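Notes follow the structure.
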Amino acid sequence: LRCYMDHFNFSEIEYLEFLPGLFLKRGSIHQITGPSRFIFALITARNIKNYIAWIRRKECVFSLYPDGLISWMDINKLILVDTRTNQESTWVMEEFLKSGVSELLVCELYKPIQYSNLRRIILSFKNGREEKDSTLPTILLVSSFQSKIIGVESRWYMKPNLLIDSSEKKKRSFLEERWELVCSKSRLNLSSWIIKARQQGYNRRTINVYKTTS
């Protein structure tokens, strides 16, 4: 996967390497869908050095339990914010961007969001690039719906991978988890990958990434 580095000039200021050889453009909005969309957000969060803002609706039926997060990320960096509407979530994202507190903003969406609601955020990113040469936050829109959100930099779909090659069955540990990740929009690369994660103690996981062959 490192071969992608030969074609693009990646830097930590411009891109976040959330998995080996896979990148998210900083100062941009990215959409993540699929049954394992929260795992994508947690994988990204494990690479963040500063604070992470996680914005979610009050009526959300899913809970973020510390015991379930600790093997993915440092929960002391997590800031949870409850909102009531998409518009309020957008306003919270804008305020976090102004404050400069968070390096990663995760926003859960349960119904489509209008481009007009995101336009101010996109413009603020553009102004930030023009004003200073520093690391801009990354925004993940974790959506429960498959509809395309207009204005995002990239789109990803993630689900559990249940198909195991017969040669690997004996090697697989019950502590290993597998997912399939597909990128359907990106300026860098469109492809799919298998992600394998294995628990290594209470608060640590090792992750390997393999590009699928078609």
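Chain lettering (A, B, ...) mirrors the order of the structure tokens, residue numbering begins at 1 for each chain separately, and ligand numbering begins at 1 in order of display.
Neighbouring residues of region 54-70 of chain A at 8 Å or closer, counting only C-alpha atoms and skipping chain neighbours under 4 positions away, are A:Leu42, A:Asp74, A:Ile75, A:Leu78, A:Ile79, A:Leu80, A:Val81, A:Asp82, A:Thr83, A:Arg84, A:Thr85, A:Ser89, A:Val92, A:Leu105, A:Val106, A:Cys107, A:Glu108, A:Leu109, A:Tyr202, A:Asn203, A:Arg204.
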Close residues, Leu97 (chain A) itself excluded, 10 Å, only C-alpha atoms, min 5 positions apart in chain, as a PyMOL selection string: chain A and resi 27+91-92+102-105+121+124-125+128+136-139
Sel. of alpha helix (DSSP H) residues, region 43-86 of chain A, as a ChimeraX atom specification: /A:43-45,66-69,86
Need the shell around Leu141 (chain A): protein/DNA/RNA residues with any atom at most 12 Å away, counting only C-alpha atoms. Skip same-chain ones fewer than 3 positions apart. Format as a VMD selection string? chain A and resid 28 to 34 37 to 38 40 to 41 54 to 56 86 89 to 90 93 104 to 113 118 138 144 to 146 148 to 157
Would you list the contacts of Ile43 (chain A) as a ChimeraX atom specification, taking every protein, DNA or RNA residue within 7 Å and counting only C-alpha atoms, but skipping same-chain residues closer than 4 positions in sequence? /A:18,39,72
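CA of Arg26 (chain A) is positioned 5.4 Å from CA of Glu14 (chain A).
Using only C-alpha atoms, the nearest neighbour of Ile48 (chain A) within the list A:Leu162, A:Ser116, A:Thr135, A:Ser36 is A:Thr135.
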